[in-house]
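Undergrad: Here it is, the structure, as structure tokens.
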Amino acid sequence: MHHHGHSHANDDEGHHHPVASRKQMLWAVILTGSFMLVEVVGGLISGSLALLADAGHMLTDAAALLLAFYAMTLSAKPADSQRTFGYGRLQVLAAYTNGIFLIGLTIWIVWESIQRFYEPNPIQSATMLVVATLGLIVNIVVFKILHSASGTNINVRSAMLHVLGDLLGSVGAIAAALIIWQWGILWVDPLLSIFVSVLILRSAYHVIKDSSHILLEGKPQELDTQQIHNDLMALDGVVDIHHMHLWSISEQEPLMTFHALIKDDYPGDDMIDVMLELLRVKHGLTHATIQVERSNCVENTEAVACIDTATNPK
């Protein structure tokens with residue numbers, strides 16, 4: 001006879017995002033998208049490829065933020081018959097996609113920069129300086145908006161990294177504009193672009209690493225599998241803990257399933273309650289599914305057959 005225990009204390013919690021952070025994300029999308037157009041115009045007027053490259057960067061920013069906003073909106077949808085875990089993982093998928101985008105963007109910036117070393121083009125430094133300064137202000141505002149909404153959300157964090165790269169790009173563009181204005185050294189522009197690319201690449205690596213870990217059903221970083229196993233084994237009446245699986249839907253939603261072999265004279269339901277309480281209090285795990293087995297279970301590869309002698313004396 002099998003006993004199954006489920007604890008779903010916070011089934012809904014992981015799927016809901018404060019409306020505030022969705023609003024913040026929308027503001028970030030609007031600001032970034034609007035300023036991108038300003039940069040395109042500024043880049044064309046001043047002849048600065050740096051501004052056009054930055055506009056291209058802002059385009060991917062706007063796309064990243066839009067993707068993040070869309071994922072946030074969708075992941076708040078409740079679970080349905082097709083998606084029994086809900087849509088929480090969409091955010092992780094969006095973060096992963098953003099990371100890939102960032103790598104593509106970096107390659108493009110480096111390529112463009114190398115071209116510009118060989119063929120520097122004349123630049124109206126004053127226009128470039130004005131647009132780059134405005135860009136810095138917009139990026140700081142967007143970064144602050146996202147920073148207050150990031151918390152433990154990998155999706156918002158990946159969007160924030162886009163903006164951080166852009167913010168550094170604006171600082172670089174301002175410095176380049178000043179150097180070009182003062183000394184007419186055109187190669188400083190591509191040099192700064194390459195420096196920003198390296199920073200973007202580092203961010204992208206971490207976003208891809210964290211999100212792919214979740215997508216591959218990796219163990220949540222903050223949980224210690226061995227410690228959880230030891231704590232469960234230390235409980236009175238527990239003989240063995242096996243088939244243990246730990247994973248997460250999104251960063252905020254760790255899940256666990258395992259089989260617990262318990263002594264015959266311990267009531268299954270009580271043992272389930274004790275184990276769930278331990279997981280909740282000591283490890284912060286509020287969603288666990290436990291299968292209780294008896295010491296006279298016959299296990300083979302097909303199934304686990306348990307004979308509960310107390311209720312089935314034959």
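Chain labels follow the order of the structure tokens: the first chain is A, the next B, and so on; residue numbering restarts at 1 in every chain, and ligands are counted from 1 in their shown order.
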Please return, as a PDB file with C-alpha atoms, in the first residue's frame, all residues of region 43-263 of chain A that DSSP assigns to strand (DSSP E or B) on the basis of the backbone.
TA:
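File produced: part_20.pdb:
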```pdb
ATOM      1  CA  VAL A 238      12.653   6.605   8.778  1.00  0.00           C
ATOM      2  CA  VAL A 239      14.632   3.625   7.428  1.00  0.00           C
ATOM      3  CA  ASP A 240      15.676   5.000   4.049  1.00  0.00           C
ATOM      4  CA  ILE A 241      15.211   7.986   1.722  1.00  0.00           C
ATOM      5  CA  HIS A 242      15.656   7.345  -1.995  1.00  0.00           C
ATOM      6  CA  HIS A 243      14.559   8.492  -5.498  1.00  0.00           C
ATOM      7  CA  MET A 244      15.175  12.046  -4.337  1.00  0.00           C
ATOM      8  CA  HIS A 245      14.625  14.779  -6.927  1.00  0.00           C
ATOM      9  CA  LEU A 246      15.094  18.505  -6.442  1.00  0.00           C
ATOM     10  CA  TRP A 247      14.419  21.054  -9.169  1.00  0.00           C
ATOM     11  CA  SER A 248      12.673  24.359  -9.731  1.00  0.00           C
ATOM     12  CA  PRO A 254      11.821  24.921  -5.624  1.00  0.00           C
ATOM     13  CA  LEU A 255      10.104  21.516  -5.844  1.00  0.00           C
ATOM     14  CA  MET A 256      10.963  18.110  -4.410  1.00  0.00           C
ATOM     15  CA  THR A 257       9.847  14.485  -4.680  1.00  0.00           C
ATOM     16  CA  PHE A 258      11.215  11.423  -2.866  1.00  0.00           C
ATOM     17  CA  HIS A 259      10.377   7.955  -1.554  1.00  0.00           C
ATOM     18  CA  ALA A 260      10.582   7.325   2.197  1.00  0.00           C
ATOM     19  CA  LEU A 261      10.908   3.809   3.568  1.00  0.00           C
ATOM     20  CA  ILE A 262       9.472   3.822   7.111  1.00  0.00           C
TER      21      ILE A 262
END
```
Undergrad: I'd like the neighbourhood of region 81-89 of chain A as a PyMOL selection string, where a residue qualifies if any of its atoms comes within 7 Å (using only C-alpha atoms), though same-chain residues fewer than 6 positions away should be ignored.
TA: chain A and resi 15+74-75+249-250
Undergrad: Would you mind exporting N, CA and C atoms of the selected residues as a short mmCIF file (atom, residue, chain, number, x, y, z; two decimals), in the first residue's frame?
TA:
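Saved result, result-v4.cif, follows:
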```
data_model
loop_
_atom_site.label_atom_id
_atom_site.label_comp_id
_atom_site.auth_asym_id
_atom_site.auth_seq_id
_atom_site.Cartn_x
_atom_site.Cartn_y
_atom_site.Cartn_z
N HIS A 15 3.85 32.10 -9.04
CA HIS A 15 3.37 32.56 -10.35
C HIS A 15 2.98 34.03 -10.37
N LEU A 74 2.68 36.61 -18.96
CA LEU A 74 2.23 35.24 -19.20
C LEU A 74 2.46 34.33 -18.00
N SER A 75 3.60 34.53 -17.30
CA SER A 75 3.91 33.62 -16.20
C SER A 75 2.96 33.83 -15.01
N ILE A 249 10.85 25.38 -10.91
CA ILE A 249 10.12 25.88 -12.08
C ILE A 249 10.71 27.22 -12.50
N SER A 250 10.85 28.10 -11.51
CA SER A 250 11.55 29.36 -11.73
C SER A 250 12.43 29.54 -10.51
#
```
Undergrad: When distances are computed from only C-alpha atoms, which of A:Val38, A:Ile109, A:Val156, A:Ile100 shows the smallest separation from Leu65 (chain A)?
TA: A:Val156
Undergrad: Given only C-alpha atoms as the basis, pick out the residue of A:Asp54, A:Glu253, A:Asp80, A:Asp189 nearest to Phe117 (chain A).
TA: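 Using only C-alpha atoms, the shortest distance to Phe117 (chain A) belongs to A:Asp189.
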Undergrad: Name the residues in contact with Glu39 (chain A) at a cut-off of 8 Å, using only C-alpha atoms, excluding same-chain residues fewer than 6 positions from it; report them as a list in words.
TA: Leu51, Leu52, Asp54, Ala55, Val131 and Gly135 of chain A
Undergrad: Env of Trp108 (chain A): 10 Å cut, atoms = only C-alpha atoms, seq-sep filter 4 positions within chain, self excluded. Answer as an MDAnalysis selection string.
TA: chainID A and resid 53 56:57 102:104 112:113 197
Undergrad: Please produce an output containing C-alpha atoms for each residue in the selection, written as a PDB file, in the first residue's frame.
TA:
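Listing of result17.pdb after writing:
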```pdb
ATOM      1  CA  ALA A  53      25.787  50.921 -32.758  1.00  0.00           C
ATOM      2  CA  GLY A  56      21.301  48.863 -32.246  1.00  0.00           C
ATOM      3  CA  HIS A  57      22.187  47.949 -28.682  1.00  0.00           C
ATOM      4  CA  LEU A 102      23.597  39.498 -25.886  1.00  0.00           C
ATOM      5  CA  ILE A 103      26.297  37.217 -27.295  1.00  0.00           C
ATOM      6  CA  GLY A 104      25.123  37.919 -30.851  1.00  0.00           C
ATOM      7  CA  GLU A 112      31.915  46.832 -36.402  1.00  0.00           C
ATOM      8  CA  SER A 113      34.659  48.167 -34.137  1.00  0.00           C
ATOM      9  CA  SER A 197      31.475  44.235 -25.457  1.00  0.00           C
TER      10      SER A 197
END
```
Undergrad: Just how far from CA of Val142 (chain A) is CA of Met25 (chain A), in Å to one decimal?
TA: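 Calculated distance between CA of Met25 (chain A) and CA of Val142 (chain A) is 8.8 Å.
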Undergrad: Restricting the calculation to only C-alpha atoms: of A:Ala94, A:Leu146, A:Ala126, A:Val138, which residue gets closest to Ser211 (chain A)?
TA: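 For Ser211 (chain A), the nearest of the given residues is A:Ala94.
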Undergrad: Please, what distance in Å, to one decimal, runs between CA of Gly33 (chain A) and CA of Asp61 (chain A)?
TA: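 Computing it gives 8.3 Å between the two atoms.
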Undergrad: Ranking A:His206, A:His162, A:Arg22, A:His213 by minimum distance to Ala76 (chain A) and counting only C-alpha atoms, which one comes first?
TA: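 Closest candidate: A:Arg22.
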Undergrad: Distance table requested - region 134-160 of chain A against region 169-188 of chain A, cut-off 10 Å, only C-alpha atoms: one row per qualifying residue with the closest atom pair and its distance in Å to one decimal, ordered by chain and rising residue number, as JSON lines.
TA:
```
{"residue": "A:Leu134", "atom": "CA", "partner": "A:Ser170", "partner_atom": "CA", "distance": 8.6}
{"residue": "A:Gly135", "atom": "CA", "partner": "A:Ser170", "partner_atom": "CA", "distance": 6.0}
{"residue": "A:Leu136", "atom": "CA", "partner": "A:Ser170", "partner_atom": "CA", "distance": 5.1}
{"residue": "A:Ile137", "atom": "CA", "partner": "A:Ser170", "partner_atom": "CA", "distance": 8.9}
{"residue": "A:Val138", "atom": "CA", "partner": "A:Ser170", "partner_atom": "CA", "distance": 9.7}
{"residue": "A:Asn139", "atom": "CA", "partner": "A:Ser170", "partner_atom": "CA", "distance": 8.1}
{"residue": "A:Ile140", "atom": "CA", "partner": "A:Ser170", "partner_atom": "CA", "distance": 10.0}
```
